[in-house]
>>> print(open('work_18.cif').read())   # mmCIF, C-alpha atoms
data_my_file
loop_
_atom_site.label_atom_id
_atom_site.label_comp_id
_atom_site.auth_asym_id
_atom_site.auth_seq_id
_atom_site.Cartn_x
_atom_site.Cartn_y
_atom_site.Cartn_z
CA MET A 564 64.17 10.16 16.13
CA ASN A 565 64.76 13.00 13.69
CA ASN A 566 68.11 13.29 12.02
CA THR A 567 69.43 16.39 13.74
CA ASN A 568 73.19 16.13 13.83
CA ARG A 569 73.67 16.22 17.57
CA VAL A 570 77.45 16.11 17.44
CA VAL A 571 77.47 19.33 15.43
CA ASN A 572 75.10 20.91 17.97
CA ARG A 573 77.41 20.09 20.82
CA VAL A 574 80.55 21.06 18.92
CA LEU A 575 79.14 24.49 18.08
CA VAL A 576 78.12 25.11 21.67
CA ALA A 577 81.49 23.89 22.97
CA VAL A 578 83.51 25.98 20.52
CA ILE A 579 81.61 29.16 21.37
CA GLY A 580 81.93 28.27 25.06
CA VAL A 581 85.69 27.93 24.77
CA ILE A 582 85.93 31.25 22.90
CA PHE A 583 83.89 32.98 25.62
CA LEU A 584 86.05 31.44 28.33
CA ALA A 585 89.25 32.51 26.59
CA VAL A 586 88.11 36.08 25.94
CA GLY A 587 86.67 36.37 29.45
CA ALA A 588 89.90 35.11 31.01
CA ALA A 589 91.92 37.51 28.86
CA LEU A 590 89.79 40.49 29.91
CA VAL A 591 90.03 39.62 33.60
CA GLY A 592 93.76 39.06 33.22
CA ILE A 593 94.37 42.35 31.42
CA ALA A 594 92.49 44.29 34.04
CA SER A 595 93.82 42.65 37.17
CA ILE A 596 96.93 40.53 36.60
CA GLY A 597 100.21 42.33 35.88
CA ALA A 598 101.75 39.29 34.21
CA VAL A 599 98.99 39.41 31.59
CA ARG A 600 98.64 43.16 31.37
CA ASP A 601 102.28 43.97 30.56
CA PRO A 602 102.68 41.78 27.45
CA TYR A 603 99.25 43.00 26.31
CA VAL A 604 100.20 46.65 26.65
CA GLU A 605 103.49 45.90 24.89
CA ASN A 606 101.91 44.22 21.86
CA ALA A 607 98.35 45.52 21.50
CA ARG A 608 99.38 48.86 19.96
CA ASP A 609 101.60 47.17 17.42
CA VAL A 610 98.93 44.68 16.41
CA HIS A 611 96.39 47.48 16.21
CA GLY A 612 98.73 49.52 14.04
CA ALA A 613 99.36 46.54 11.77
CA VAL A 614 95.64 45.84 11.33
CA THR A 615 94.64 49.43 10.63
CA GLY A 616 97.68 49.81 8.39
CA TRP A 617 96.61 46.77 6.39
CA LEU A 618 93.06 48.14 6.06
CA LYS A 619 94.44 51.49 4.78
CA SER A 620 96.69 49.70 2.30
CA THR A 621 93.62 48.07 0.75
CA THR A 622 92.22 51.39 -0.45
CA VAL A 623 91.18 51.20 -4.08
CA ALA A 624 92.98 53.97 -6.03
CA GLN A 625 91.11 57.28 -6.40
CA THR A 626 88.24 56.11 -4.15
CA SER A 627 87.73 55.86 -0.42
CA ILE A 628 86.71 52.19 -0.66
CA GLN A 629 88.92 49.77 1.24
CA TRP A 630 88.50 46.22 -0.01
CA GLY A 631 89.77 44.97 3.33
CA TRP A 632 86.40 45.85 4.83
CA ILE A 633 84.64 44.18 1.92
CA LEU A 634 86.66 41.06 2.69
CA VAL A 635 85.54 41.25 6.31
CA LEU A 636 81.93 41.68 5.16
CA ALA A 637 82.27 38.63 2.92
CA VAL A 638 83.56 36.54 5.83
CA ILE A 639 80.64 37.75 7.97
CA ALA A 640 78.18 36.89 5.20
CA VAL A 641 79.60 33.38 4.85
CA LEU A 642 79.42 32.80 8.62
CA VAL A 643 75.83 34.07 8.77
CA ILE A 644 74.79 31.79 5.90
CA LEU A 645 76.48 28.79 7.54
CA LEU A 646 74.70 29.51 10.83
CA ILE A 647 71.32 29.90 9.12
CA VAL A 648 71.86 26.57 7.34
CA PHE A 649 72.79 25.08 10.71
CA VAL A 650 69.57 26.31 12.31
CA ALA A 651 67.46 25.16 9.35
CA ARG A 652 69.05 21.70 9.48
CA GLN A 653 67.57 20.96 12.92
CA GLY A 654 64.87 18.32 12.97
CA HIS A 655 63.72 16.66 9.75
CA GLY A 656 63.83 12.98 8.91
CA HIS A 657 60.20 12.30 8.02
CA HIS A 658 59.88 9.81 5.25
CA GLY A 659 57.11 9.03 2.78
CA THR A 660 58.04 5.52 1.78
CA LEU A 661 57.69 2.56 4.06
CA ILE A 662 58.86 -0.28 1.84
CA ARG A 663 60.44 -0.23 -1.58
CA GLU A 664 61.32 -3.55 -3.07
CA GLU A 665 62.29 -4.94 -6.45
CA THR A 666 59.62 -7.61 -6.50
CA SER A 667 60.18 -8.68 -10.09
CA PRO A 668 62.75 -7.90 -12.78
CA THR A 669 60.24 -5.61 -14.45
CA GLY A 670 58.79 -3.69 -11.55
CA THR A 671 59.11 -2.28 -8.07
CA THR A 672 56.67 -2.48 -5.20
CA VAL A 673 56.39 0.65 -3.12
CA ILE A 674 54.32 0.89 0.02
CA ASP A 675 53.63 4.42 1.10
CA SER A 676 54.17 5.40 4.75
CA SER A 677 50.61 6.65 4.93
CA VAL A 678 49.32 3.08 4.61
CA ALA A 679 50.90 2.05 7.88
CA GLU A 680 50.30 5.43 9.49
CA SER A 681 46.57 5.49 8.89
CA ALA A 682 46.16 1.80 9.67
CA VAL A 683 47.72 2.18 13.10
CA GLN A 684 46.17 5.58 13.68
CA GLN A 685 42.65 4.34 13.01
CA ASP A 686 43.18 1.32 15.19
CA ILE A 687 44.21 3.29 18.27
CA ASP A 688 42.07 6.38 17.67
CA GLY A 689 38.99 5.25 19.55
CA ASN A 690 40.89 4.41 22.72
CA THR A 691 39.73 6.59 25.59
CA ASP A 692 42.99 6.17 27.53
CA PHE A 693 44.70 8.32 24.95
CA LEU A 694 44.22 12.06 24.71
CA ALA A 695 46.11 12.22 21.47
CA SER A 696 48.04 9.94 19.22
CA ARG A 697 50.22 10.44 16.22
CA VAL A 698 51.83 8.01 13.83
CA SER A 699 54.70 9.07 11.61
CA THR A 700 57.51 7.50 9.66
CA TYR A 701 61.13 8.42 9.98
CA ARG A 702 64.21 7.34 8.12
CA VAL A 703 66.90 6.27 10.55
CA ARG A 704 70.16 5.29 8.85
CA GLY A 705 68.40 4.07 5.76
CA VAL A 706 65.76 2.13 7.66
CA SER A 707 62.12 3.24 7.71
CA VAL A 708 60.90 3.33 11.30
CA LEU A 709 57.33 3.90 12.44
CA LYS A 710 56.91 6.22 15.38
CA VAL A 711 53.70 5.90 17.33
CA SER A 712 53.43 8.55 19.98
CA VAL A 713 50.50 8.59 22.34
CA THR A 714 49.59 11.08 25.04
CA CYS A 715 48.04 9.26 27.96
CA ARG A 716 45.29 10.52 30.16
CA ARG A 717 46.52 11.03 33.72
CA GLY A 718 46.82 7.83 35.70
CA VAL A 719 46.74 5.48 32.72
CA SER A 720 49.17 2.63 33.13
CA PRO A 721 51.94 2.96 30.56
CA ARG A 722 52.00 -0.82 30.34
CA SER A 723 48.45 -0.94 29.08
CA ALA A 724 49.14 1.93 26.68
CA VAL A 725 52.11 0.08 25.23
CA THR A 726 50.10 -3.13 24.98
CA VAL A 727 47.36 -1.39 23.01
CA VAL A 728 49.82 0.08 20.53
CA GLN A 729 51.72 -3.19 20.27
CA HIS A 730 48.53 -4.97 19.43
CA SER A 731 47.83 -2.71 16.50
CA LEU A 732 51.44 -3.02 15.34
CA THR A 733 51.07 -6.79 15.33
CA GLY A 734 47.98 -6.33 13.18
CA LEU A 735 50.02 -4.20 10.80
CA ASP A 736 52.69 -6.90 10.65
CA ALA A 737 50.06 -9.39 9.53
CA LEU A 738 48.80 -6.92 6.92
CA LEU A 739 52.23 -6.19 5.47
CA GLY A 740 53.71 -9.62 5.97
CA ARG A 741 56.75 -8.24 7.70
CA GLU A 742 57.85 -6.33 10.76
CA ILE A 743 58.59 -2.66 10.33
CA PRO A 744 60.83 -1.36 13.16
CA ALA A 745 58.70 0.76 15.44
CA LEU A 746 59.07 3.17 18.32
CA ILE A 747 56.26 3.55 20.81
CA GLN A 748 56.47 6.81 22.71
CA VAL A 749 54.21 7.26 25.71
CA SER A 750 54.07 10.82 26.98
CA GLY A 751 52.16 12.95 29.42
CA GLY A 752 52.63 16.64 28.83
CA PHE A 753 50.41 19.65 29.22
CA ARG A 754 47.24 18.16 27.78
CA ALA A 755 47.47 15.23 30.18
CA ARG A 756 47.85 17.59 33.12
CA VAL A 757 44.74 19.62 32.36
CA ALA A 758 42.55 16.71 31.28
CA PRO A 759 40.50 14.89 33.92
CA ARG A 760 42.14 11.96 35.66
CA THR A 761 41.04 8.41 34.79
CA ARG A 762 38.82 6.64 37.25
CA THR A 763 40.42 3.82 39.15
CA ARG A 764 39.38 0.51 37.74
CA MET B 976 63.49 -11.13 5.26
CA SER B 977 64.29 -12.15 8.81
CA GLU B 978 67.90 -13.13 8.14
CA PRO B 979 70.35 -12.49 10.97
CA SER B 980 71.72 -9.41 9.19
CA THR B 981 68.31 -7.74 9.12
CA TYR B 982 67.86 -8.55 12.78
CA ARG B 983 71.20 -7.04 13.69
CA ARG B 984 70.48 -3.98 11.60
CA THR B 985 67.17 -3.50 13.39
CA GLN B 986 68.87 -3.87 16.77
CA SER B 987 71.46 -1.24 15.94
CA THR B 988 68.70 1.05 14.68
CA TYR B 989 66.88 0.55 17.99
CA ARG B 990 70.00 1.33 19.99
CA ARG B 991 70.43 4.56 18.08
CA ILE B 992 66.78 5.54 18.49
CA LEU B 993 66.82 4.71 22.19
CA ARG B 994 69.84 6.88 22.76
CA ARG B 995 68.30 9.73 20.82
CA GLU B 996 64.97 9.45 22.61
CA THR B 997 66.47 9.44 26.10
CA HIS B 998 69.00 12.23 25.60
CA SER B 999 68.53 15.85 24.72
CA PRO B 1000 69.70 16.90 21.27
CA ARG B 1001 70.80 20.25 22.75
CA SER B 1002 68.95 21.86 19.86
CA VAL B 1003 67.52 24.71 21.89
CA LEU B 1004 70.94 25.65 23.25
CA ALA B 1005 72.62 25.30 19.86
CA ILE B 1006 69.92 27.31 18.07
CA THR B 1007 70.06 30.04 20.73
CA VAL B 1008 73.83 30.29 20.36
CA ALA B 1009 73.52 30.35 16.57
CA VAL B 1010 70.84 33.05 16.58
CA VAL B 1011 72.81 35.26 18.98
CA LEU B 1012 75.89 34.84 16.78
CA ILE B 1013 73.88 35.69 13.67
CA LEU B 1014 72.54 38.86 15.30
CA ALA B 1015 76.00 39.90 16.49
CA LEU B 1016 77.51 39.31 13.04
CA LEU B 1017 74.68 41.20 11.33
CA TYR B 1018 75.22 44.12 13.69
CA LEU B 1019 78.95 44.12 12.94
CA GLY B 1020 78.21 43.99 9.21
CA THR B 1021 75.80 46.92 9.52
CA GLU B 1022 78.40 49.01 11.31
CA ILE B 1023 80.98 48.24 8.62
CA VAL B 1024 78.58 49.18 5.82
CA LEU B 1025 77.60 52.40 7.62
CA ALA B 1026 81.27 53.29 8.06
CA MET B 1027 81.95 52.57 4.39
CA ILE B 1028 79.21 54.89 3.16
CA GLY B 1029 80.29 57.46 5.70
CA THR B 1030 77.12 57.52 7.81
CA ARG B 1031 77.06 57.92 11.57
CA ALA B 1032 77.58 54.67 13.47
CA LEU B 1033 74.74 52.99 15.39
CA LEU B 1034 76.85 52.45 18.50
CA ALA B 1035 80.52 52.52 17.54
CA ALA B 1036 82.38 52.66 14.26
CA PRO B 1037 84.46 49.58 13.42
CA LEU B 1038 87.73 51.51 13.62
CA ASP B 1039 86.79 52.81 17.08
CA MET B 1040 86.04 49.24 18.16
CA LEU B 1041 89.50 48.10 17.06
CA ASP B 1042 91.00 51.09 18.83
CA ALA B 1043 89.19 50.25 22.06
CA LEU B 1044 90.36 46.62 21.86
CA ALA B 1045 93.96 47.85 21.67
CA HIS B 1046 93.54 50.17 24.67
CA LEU B 1047 91.75 47.94 27.15
CA ASP B 1048 94.24 49.01 29.84
CA ASP B 1049 92.91 52.58 29.57
CA ALA B 1050 89.32 51.45 30.25
CA PRO B 1051 88.12 51.31 33.87
CA ASP B 1052 89.35 48.03 35.38
CA GLY B 1053 86.00 47.31 37.02
CA LEU B 1054 84.20 47.40 33.67
CA VAL B 1055 86.74 45.13 31.96
CA VAL B 1056 86.69 42.65 34.86
CA GLY B 1057 82.88 42.70 34.92
CA VAL B 1058 82.58 41.94 31.22
CA GLY B 1059 85.32 39.30 31.54
CA VAL B 1060 83.60 37.53 34.43
CA GLY B 1061 80.31 37.62 32.53
CA LEU B 1062 81.94 35.99 29.51
CA LEU B 1063 83.63 33.39 31.73
CA LEU B 1064 80.27 32.47 33.26
CA ILE B 1065 78.49 32.17 29.91
CA GLY B 1066 81.40 30.16 28.51
CA ALA B 1067 81.35 27.78 31.48
CA LEU B 1068 77.58 27.26 31.14
CA LEU B 1069 77.91 26.57 27.41
CA ILE B 1070 80.68 24.03 27.98
CA ILE B 1071 78.66 22.32 30.70
CA GLY B 1072 75.70 22.22 28.31
CA ALA B 1073 77.82 20.74 25.54
CA ALA B 1074 79.53 18.13 27.70
CA THR B 1075 76.77 16.81 29.96
CA PRO B 1076 74.64 13.92 28.68
CA GLY B 1077 71.38 15.87 29.02
CA ARG B 1078 69.21 12.94 29.99
CA ARG B 1079 65.52 13.31 29.40
CA GLY B 1080 63.06 12.07 32.00
CA ARG B 1081 62.21 8.90 30.13
CA HIS B 1082 62.50 5.18 30.69
CA GLN B 1083 62.58 2.31 28.30
CA MET B 1084 59.82 -0.24 28.76
CA SER B 1085 60.29 -3.86 27.71
CA THR B 1086 58.23 -4.86 24.70
CA GLU B 1087 57.77 -7.87 22.48
CA ARG B 1088 57.49 -5.74 19.39
CA GLY B 1089 59.44 -2.59 18.67
CA LEU B 1090 60.87 -0.19 21.19
CA ALA B 1091 58.90 1.65 23.86
CA VAL B 1092 59.91 4.82 25.65
CA VAL B 1093 57.77 6.23 28.46
CA ASP B 1094 57.86 9.70 29.99
CA ASP B 1095 58.61 9.64 33.73
CA GLU B 1096 55.52 11.78 34.21
CA VAL B 1097 53.29 8.99 32.90
CA ILE B 1098 54.98 6.43 35.16
CA ALA B 1099 54.52 8.75 38.13
CA SER B 1100 50.85 9.41 37.52
CA ALA B 1101 50.09 5.71 37.03
CA LEU B 1102 51.94 4.86 40.24
CA ALA B 1103 50.13 7.65 42.08
CA ARG B 1104 46.75 6.37 40.99
CA HIS B 1105 47.51 2.82 42.06
CA ALA B 1106 49.17 3.85 45.32
CA ALA B 1107 46.25 6.11 46.26
CA HIS B 1108 43.78 3.35 45.54
CA ALA B 1109 45.75 0.71 47.42
CA GLY B 1110 46.42 2.91 50.44
CA ASP B 1111 42.93 4.39 50.46
CA VAL B 1112 44.36 7.91 50.31
CA ASP B 1113 42.89 10.84 48.46
CA PRO B 1114 44.65 11.02 45.08
CA ASP B 1115 45.31 14.71 45.75
CA ASN B 1116 47.38 13.73 48.79
CA THR B 1117 49.54 11.34 46.85
CA THR B 1118 52.63 12.63 45.13
CA VAL B 1119 55.01 10.51 43.14
CA SER B 1120 58.32 11.65 41.77
CA VAL B 1121 60.22 9.55 39.33
CA SER B 1122 63.93 10.07 38.77
CA ARG B 1123 66.33 7.89 36.86
CA ARG B 1124 66.57 5.13 39.45
CA VAL B 1125 64.07 5.97 42.20
CA ALA B 1126 60.30 6.22 42.32
CA GLY B 1127 59.41 8.17 45.45
CA VAL B 1128 55.84 7.81 46.65
CA HIS B 1129 54.75 10.36 49.24
CA LEU B 1130 51.43 9.85 50.98
CA VAL B 1131 49.67 12.20 53.38
CA PRO B 1132 46.96 10.38 55.33
CA THR B 1133 43.68 11.95 56.27
CA SER B 1134 44.04 12.66 59.98
CA GLY B 1135 42.51 9.95 62.09
CA THR B 1136 42.92 7.28 59.45
CA ARG B 1137 45.74 4.87 58.86
CA ILE B 1138 47.31 4.18 55.54
CA ARG B 1139 47.67 0.56 54.56
CA ARG B 1140 51.36 0.90 54.01
CA ASP B 1141 51.96 -2.74 53.11
CA ALA B 1142 49.28 -2.63 50.46
CA VAL B 1143 50.87 0.49 48.97
CA ILE B 1144 54.32 -1.11 48.96
CA SER B 1145 53.15 -4.28 47.28
CA THR B 1146 51.01 -2.45 44.73
CA VAL B 1147 53.82 -0.12 43.73
CA ALA B 1148 56.25 -3.04 43.46
CA GLU B 1149 53.73 -4.94 41.37
CA GLN B 1150 53.24 -2.03 39.00
CA LEU B 1151 56.95 -1.47 38.60
CA GLU B 1152 57.41 -5.13 37.84
CA ALA B 1153 54.70 -4.98 35.19
CA PHE B 1154 56.33 -1.89 33.63
CA ASP B 1155 59.74 -3.62 33.52
CA LEU B 1156 61.66 -0.41 32.95
CA THR B 1157 65.29 0.21 32.04
CA PRO B 1158 66.96 1.55 34.14
CA SER B 1159 64.81 -0.08 36.79
CA LEU B 1160 63.14 2.02 39.48
CA GLU B 1161 63.55 1.42 43.16
CA PRO B 1162 60.34 2.25 45.06
CA ARG B 1163 60.67 4.50 48.08
CA ILE B 1164 57.45 4.95 50.00
CA VAL B 1165 57.08 7.70 52.57
CA VAL B 1166 53.99 8.18 54.70
CA ALA B 1167 53.77 11.62 56.28
CA GLU B 1168 53.90 11.65 60.10
CA ARG B 1169 51.09 14.14 60.41
CA GLY B 1170 47.83 13.70 58.66
CA ARG B 1171 45.83 16.40 57.01
CA VAL B 1172 42.47 17.40 58.36
CA GLY B 1173 39.47 16.99 56.15
CA ALA B 1174 41.42 15.63 53.25
#
>>> encode(input="work_18.cif", output="structure tokens")
Amino acid sequence: MNNTNRVVNRVLVAVIGVIFLAVGAALVGIASIGAVRDPYVENARDVHGAVTGWLKSTTVAQTSIQWGWILVLAVIAVLVILLIVFVARQGHGHHGTLIREETSPTGTTVIDSSVAESAVQQDIDGNTDFLASRVSTYRVRGVSVLKVSVTCRRGVSPRSAVTVVQHSLTGLDALLGREIPALIQVSGGFRARVAPRTRTR
Amino acid sequence: MSEPSTYRRTQSTYRRILRRETHSPRSVLAITVAVVLILALLYLGTEIVLAMIGTRALLAAPLDMLDALAHLDDAPDGLVVGVGVGLLLIGALLIIGAATPGRRGRHQMSTERGLAVVDDEVIASALARHAAHAGDVDPDNTTVSVSRRVAGVHLVPTSGTRIRRDAVISTVAEQLEAFDLTPSLEPRIVVAERGRVGA
């Protein structure tokens, strides 16, 4: 429901996975397969010499500072910042506006998400089948969507839970004069497991 | 308001939400990978800074690291192979994590209004309650496991009593029909051969 970019998640994991596989295969090859070891031994020293040579050549005159290392540090800093942004980007997508409409040439009508949220919340709050309930609004591709998530007591029929929530959504439709897309999420979870079971009716 | 275009837009929104609710975002895996990378990069940066100001390295100076990378054939083979195999394993697990769908234990329930997604756990506990009641079994001796396509009901009778198996079968089928889930669940009812004393 949130707007985490899942493709990016998977791409990052896959790219790092491929790098690990490649490095792992190279290490195993170098240590145990002659066909891999020989070209490595042949070239590694030269590459090493070239890299260290380049680092030495970046020494700033009359100091011992090599700007090559500073360059490496800069690259590291950029990568770290990108990764932190990536982590911080997870989740999100809550939205405060339910409906915004140009009702007349001179004004706009805005209905706040909290109107729908508290209306539905209050309606389902007293229900003893639910251990917890939560109503929130998300923005999914430019559309405001209500999310009603309820935690059922153990043994409660999900059908009756959905019916209860649906009923209050229908009431909201009548109130607003339109249907807001809605997700009903029925979950169990830890609280349901420790709470007493419902009596059979 | 309810022009066809709005309807279609809502349907495509629902499809997107349904997919996102029934599949893992792989956030935990991605965040773990990112945090480990951040730590590794910060460590590398620290070593470089320490080397630049001429202080003793924490573990190894950057130049020594480069040197070691160029002389892997001098290192003990067992160590190199061990590290390599470890990396191969982690890499394989990451790729599996990235490529598999990562389904969550949830089913879609038909609704007149909106979209409903139900945890398998809730389905299982509702089925267990009804099955126990219908079969006259102690609820503690009723276990239900719900997977993507199968709802397995396992009943252990109290020794000396018989379970009304037909009643259990019809009740479970009735419940599943009322739930009207996608993908649909096939009931599989198993009554244990041996009862349990005093249950």
>>> interface_residues(input="work_18.cif", of="chain A", to="chain B", cutoff="7 Å", atoms="only C-alpha atoms", output="VMD selection string")
chain A and resid 564 569 572 to 573 575 to 577 580 to 581 583 to 584 587 to 588 590 to 591 593 to 594 607 to 608 611 628 636 639 643 646 650 703 717 to 722 729 744 to 751
>>> atom_distance(input="work_18.cif", atom1="atom CA of A:Ala651", atom2="atom CA of A:Arg702")
18.2 Å
>>> resolve_selection(input="work_18.cif", expression="the PyMOL selection byres ((chain B and resi 1116) around 10)", output="CSV table (one decimal) with C-alpha atoms, keeping the file's coordinate frame")
chain,number,residue,atom,x,y,z
B,1103,ALA,CA,50.1,7.6,42.1
B,1107,ALA,CA,46.2,6.1,46.3
B,1112,VAL,CA,44.4,7.9,50.3
B,1113,ASP,CA,42.9,10.8,48.5
B,1114,PRO,CA,44.6,11.0,45.1
B,1115,ASP,CA,45.3,14.7,45.8
B,1117,THR,CA,49.5,11.3,46.8
B,1118,THR,CA,52.6,12.6,45.1
B,1129,HIS,CA,54.8,10.4,49.2
B,1130,LEU,CA,51.4,9.8,51.0
B,1131,VAL,CA,49.7,12.2,53.4
B,1132,PRO,CA,47.0,10.4,55.3
B,1133,THR,CA,43.7,12.0,56.3
B,1170,GLY,CA,47.8,13.7,58.7
B,1171,ARG,CA,45.8,16.4,57.0
B,1174,ALA,CA,41.4,15.6,53.2
>>> atom_distance(input="work_18.cif", atom1="atom CA of B:Ala1106", atom2="atom CA of A:Val711")
28.4 Å
>>> atom_distance(input="work_18.cif", atom1="atom CA of B:Leu1025", atom2="atom CA of B:Met1040")
13.9 Å
>>> closest_residue(input="work_18.cif", among="B:Glu1022, B:Thr997, B:Gly1127, B:Ala1142", to="B:Pro1158", atoms="all atoms listed in the file")
B:Thr997
>>> residues_around(input="work_18.cif", residues="B:Asp1141", least_positions_apart="6", cutoff="12 Å", atoms="all atoms listed in the file", output="NGL selection string")
:B and (1106 or 1109-1111 or 1147-1148 or 1164-1166)
>>> closest_residue(input="work_18.cif", among="A:Phe693, A:Tyr701, A:Tyr603, A:Trp617", to="A:Ile743", atoms="all atoms listed in the file")
A:Tyr701
>>> resolve_selection(input="work_18.cif", expression="the PyMOL selection byres ((chain A and resi 567) around 8)", output="number ranges by chain")
A: 565-566, 568-569, 652-655; B: 1000
>>> write_last_selection(input="work_18.cif", atoms="C-alpha atoms", output="mmCIF file, in the coordinates of the input")
data_model
loop_
_atom_site.group_PDB
_atom_site.id
_atom_site.type_symbol
_atom_site.label_atom_id
_atom_site.label_comp_id
_atom_site.auth_asym_id
_atom_site.auth_seq_id
_atom_site.Cartn_x
_atom_site.Cartn_y
_atom_site.Cartn_z
ATOM 1 C CA ASN A 565 64.760 13.000 13.690
ATOM 2 C CA ASN A 566 68.110 13.290 12.020
ATOM 3 C CA ASN A 568 73.190 16.130 13.830
ATOM 4 C CA ARG A 569 73.670 16.220 17.570
ATOM 5 C CA ARG A 652 69.050 21.700 9.480
ATOM 6 C CA GLN A 653 67.570 20.960 12.920
ATOM 7 C CA GLY A 654 64.870 18.320 12.970
ATOM 8 C CA HIS A 655 63.720 16.660 9.750
ATOM 9 C CA PRO B 1000 69.700 16.900 21.270
#
>>> decode(input="work_18.cif", residues="stretch 1119-1139 of chain B", atoms="N, CA and C atoms", output="CSV table (one decimal), in the first residue's frame")
chain,number,residue,atom,x,y,z
B,1119,VAL,N,-5.4,-26.1,12.1
B,1119,VAL,CA,-5.7,-25.8,10.7
B,1119,VAL,C,-4.5,-25.1,10.1
B,1120,SER,N,-4.1,-25.6,9.0
B,1120,SER,CA,-3.0,-24.8,8.3
B,1120,SER,C,-3.5,-24.4,6.9
B,1121,VAL,N,-3.2,-23.1,6.6
B,1121,VAL,CA,-3.7,-22.6,5.4
B,1121,VAL,C,-2.5,-22.3,4.5
B,1122,SER,N,-2.4,-22.9,3.3
B,1122,SER,CA,-1.4,-22.5,2.4
B,1122,SER,C,-2.1,-21.8,1.2
B,1123,ARG,N,-1.4,-21.6,0.1
B,1123,ARG,CA,-1.9,-20.8,-1.0
B,1123,ARG,C,-3.2,-21.5,-1.5
B,1124,ARG,N,-3.2,-22.8,-1.7
B,1124,ARG,CA,-4.3,-23.5,-2.3
B,1124,ARG,C,-5.0,-24.5,-1.4
B,1125,VAL,N,-4.4,-24.8,-0.3
B,1125,VAL,CA,-5.0,-25.9,0.5
B,1125,VAL,C,-5.3,-25.4,1.9
B,1126,ALA,N,-6.4,-25.8,2.5
B,1126,ALA,CA,-6.7,-25.6,3.9
B,1126,ALA,C,-6.7,-27.0,4.5
B,1127,GLY,N,-5.7,-27.3,5.3
B,1127,GLY,CA,-5.6,-28.6,6.0
B,1127,GLY,C,-6.2,-28.6,7.4
B,1128,VAL,N,-7.2,-29.4,7.6
B,1128,VAL,CA,-7.8,-29.4,8.9
B,1128,VAL,C,-7.4,-30.7,9.6
B,1129,HIS,N,-6.8,-30.7,10.8
B,1129,HIS,CA,-6.3,-31.9,11.4
B,1129,HIS,C,-7.0,-32.0,12.8
B,1130,LEU,N,-7.7,-33.1,13.0
B,1130,LEU,CA,-8.5,-33.2,14.2
B,1130,LEU,C,-8.0,-34.4,15.0
B,1131,VAL,N,-7.8,-34.3,16.3
B,1131,VAL,CA,-7.5,-35.4,17.1
B,1131,VAL,C,-8.7,-35.6,18.0
B,1132,PRO,N,-9.3,-36.8,17.9
B,1132,PRO,CA,-10.5,-37.0,18.7
B,1132,PRO,C,-10.1,-37.4,20.1
B,1133,THR,N,-11.0,-37.1,21.0
B,1133,THR,CA,-10.9,-37.6,22.4
B,1133,THR,C,-11.1,-39.1,22.4
B,1134,SER,N,-10.2,-39.9,23.0
B,1134,SER,CA,-10.3,-41.3,22.8
B,1134,SER,C,-11.6,-41.8,23.4
B,1135,GLY,N,-12.2,-42.7,22.6
B,1135,GLY,CA,-13.5,-43.3,23.0
B,1135,GLY,C,-14.6,-42.5,22.3
B,1136,THR,N,-14.3,-41.4,21.7
B,1136,THR,CA,-15.4,-40.7,21.0
B,1136,THR,C,-15.2,-40.7,19.5
B,1137,ARG,N,-16.2,-40.5,18.8
B,1137,ARG,CA,-16.1,-40.4,17.3
B,1137,ARG,C,-16.3,-39.0,16.9
B,1138,ILE,N,-15.5,-38.7,15.8
B,1138,ILE,CA,-15.7,-37.3,15.3
B,1138,ILE,C,-16.7,-37.4,14.2
B,1139,ARG,N,-17.6,-36.4,14.1
B,1139,ARG,CA,-18.6,-36.4,13.0
B,1139,ARG,C,-17.9,-35.8,11.8
